[in-house]
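Colleague: Got target_33.cif for you, mmCIF, C-alpha atoms and all ligand atoms:
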data_start
#
loop_
_atom_site.label_atom_id
_atom_site.label_comp_id
_atom_site.auth_asym_id
_atom_site.auth_seq_id
_atom_site.Cartn_x
_atom_site.Cartn_y
_atom_site.Cartn_z
CA MET Y 97 -10.61 167.16 33.56
CA GLU Y 98 -9.90 165.84 30.10
CA SER Y 99 -12.98 165.39 27.93
CA CYS Y 100 -13.96 164.70 24.33
CA ARG Y 101 -16.69 165.86 22.01
CA HIS Y 102 -18.73 162.75 22.75
CA LEU Y 103 -18.75 163.32 26.51
CA GLU Y 104 -19.29 167.04 26.06
CA SER Y 105 -22.39 166.36 23.95
CA ILE Y 106 -24.15 164.65 26.88
CA ARG Y 107 -26.70 166.99 28.41
CA GLN Y 108 -28.92 164.60 30.31
CA ILE Y 109 -27.89 161.21 31.67
CA ARG Y 110 -30.01 158.23 30.65
CA SER Y 111 -30.28 155.91 33.63
CA ALA Y 112 -30.89 152.17 33.56
CA ALA Y 113 -34.51 151.09 33.18
CA ARG Y 114 -33.65 147.58 34.41
CA ARG Y 115 -30.78 146.15 36.42
CA GLU Y 116 -29.84 143.42 33.97
CA CYS Y 117 -27.99 143.02 30.67
CA SER Y 118 -30.75 142.72 28.09
CA GLU Y 119 -28.54 140.61 25.78
CA CYS Y 120 -27.21 138.28 28.49
CA VAL Y 121 -30.78 137.64 29.61
CA LYS Y 122 -31.57 136.29 26.11
CA ILE Y 123 -28.62 133.89 26.02
CA GLY Y 124 -28.48 132.95 29.70
CA GLY Y 125 -25.18 134.78 30.15
CA THR Y 126 -23.76 136.37 33.26
CA TRP Y 127 -22.34 139.84 33.83
CA VAL Y 128 -20.13 141.68 36.27
CA HIS Y 129 -21.19 145.32 35.95
CA LEU Y 130 -23.88 147.11 33.96
CA ARG Y 131 -23.59 150.08 31.60
CA THR Y 132 -26.32 152.13 29.94
CA CYS Y 133 -26.01 153.35 26.33
CA GLN Y 134 -26.48 157.12 26.27
CA LYS Y 135 -27.95 157.02 22.78
CA CYS Y 136 -30.79 154.53 23.09
CA GLY Y 137 -30.87 153.83 26.83
CA VAL Y 138 -30.34 150.07 26.63
CA THR Y 139 -28.46 148.54 29.58
CA LEU Y 140 -25.74 146.00 28.79
CA CYS Y 141 -22.71 144.37 30.41
CA CYS Y 142 -19.24 145.85 30.93
CA ASP Y 143 -15.78 144.91 29.64
CA SER Y 144 -15.11 142.74 32.70
CA SER Y 145 -18.08 140.58 31.72
CA PRO Y 146 -17.59 137.57 29.40
CA ASN Y 147 -19.74 138.95 26.58
CA ARG Y 148 -18.89 142.67 26.70
CA HIS Y 149 -22.26 143.57 25.26
CA ALA Y 150 -21.99 147.31 25.96
CA ARG Y 151 -18.78 147.62 23.93
CA LYS Y 152 -20.17 145.52 21.06
CA HIS Y 153 -23.33 147.62 21.07
CA ALA Y 154 -21.32 150.85 21.02
CA GLU Y 155 -19.27 149.62 18.06
CA GLY Y 156 -22.37 148.47 16.21
CA MET Y 157 -24.22 151.71 16.84
CA GLY Y 158 -21.28 153.96 16.12
CA TYR Y 159 -22.06 155.79 19.34
CA PRO Y 160 -19.46 155.43 22.11
CA VAL Y 161 -20.84 156.92 25.33
CA ILE Y 162 -22.15 154.78 28.19
CA ALA Y 163 -22.98 155.56 31.81
CA SER Y 164 -22.39 153.22 34.71
CA ALA Y 165 -25.64 151.54 35.74
CA GLU Y 166 -24.21 150.50 39.09
CA PRO Y 167 -25.94 151.96 42.16
CA GLY Y 168 -24.03 154.91 43.56
CA GLU Y 169 -21.75 155.31 40.53
CA ARG Y 170 -22.12 158.57 38.64
CA TRP Y 171 -19.85 158.60 35.63
CA ILE Y 172 -19.98 158.40 31.86
CA TYR Y 173 -17.34 156.86 29.61
CA CYS Y 174 -16.35 157.16 25.94
CA TYR Y 175 -15.05 153.95 24.28
CA VAL Y 176 -13.51 155.78 21.34
CA ASP Y 177 -11.40 158.19 23.37
CA ASP Y 178 -11.08 156.03 26.51
CA LEU Y 179 -12.14 158.94 28.70
CA MET Y 180 -14.32 159.06 31.77
CA SER Y 181 -16.22 161.92 33.32
CA ASP Y 182 -18.12 162.29 36.58
CA TYR Y 183 -21.54 163.87 36.61
ZN ZN Y 201 -15.20 160.51 22.84
ZN ZN Y 202 -24.30 141.08 28.38
ZN ZN Y 203 -27.60 152.22 22.30
#
Give the structure from the file, written as structure tokens.
Ligand SMILES: [Zn+2]
Ligand SMILES: [Zn+2]
Ligand SMILES: [Zn+2]

Modeller:
Amino acid sequence: MESCRHLESIRQIRSAARRECSECVKIGGTWVHLRTCQKCGVTLCCDSSPNRHARKHAEGMGYPVIASAEPGERWIYCYVDDLMSDY
């Protein structure tokens, strides 16, 4: 499977502490799927959601790896390299 240095640097998956987008909650927004930042552990909304908070957060942080926070999904994704990896 193709990988990148960002995905390869992940040793332990940070899982979602809460099943909600912490930014959408503040503004009364809605989301489709949830993603958890693998740097700080915050859970935010996906690219299919109107506000795309996870992508904005990744760009702001300069750290591109998120994990799906959806029940039953076990994968991480790198925004910079557009690569996904199962775990
Ligand atoms: Zn990468
Ligand atoms: Zn959001
Ligand atoms: Zn973060």

Colleague: At a cut-off of 8 Å, using only C-alpha atoms, what residues contact Tyr183 in chain Y? Leave out same-chain residues fewer than 5 positions from it and give the result as a list of chain:residue names.

Modeller: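 Neighbouring residues, sequence-local ones excluded: Y:Arg170, Y:Trp171, Y:Ile172.
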
Colleague: Select the residues contacting ligand ZN 203 (chain Y) at a distance of at most 7 Å, based on all atoms listed in the file, then format the selection as a PyMOL selection string.

Modeller: chain Y and resi 133-138+153-154+157

Colleague: Can you work out which one of Y:Leu140, Y:Val128, Y:Cys100, Y:Ala112 has the shortest atom-to-atom distance to ligand ZN 202 (chain Y), counting only C-alpha atoms and all ligand atoms?

Modeller: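 Ranking Y:Leu140, Y:Val128, Y:Cys100, Y:Ala112 by distance to ligand ZN 202 (chain Y), first place goes to Y:Leu140.
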
Colleague: Quick one, how far is CA of Leu179 in chain Y from CA of Gly125 in chain Y?

Modeller: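 Between CA of Leu179 in chain Y and CA of Gly125 in chain Y the gap works out to 27.5 Å.
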
Colleague: Neighbours of Asp143 in chain Y within 9 Å (only C-alpha atoms; same-chain residues fewer than 6 positions away dropped), as a list in words?

Modeller: Val128, His129, His149, Ala150 and Arg151 of chain Y

Colleague: Kindly compile the residues surrounding ligand ZN 201 (chain Y) within 7 Å, counting all atoms listed in the file, and format them as a list in words.

Modeller: Cys100, Arg101, His102, Leu103, Pro160, Cys174, Tyr175, Val176, Asp177 and Leu179 of chain Y
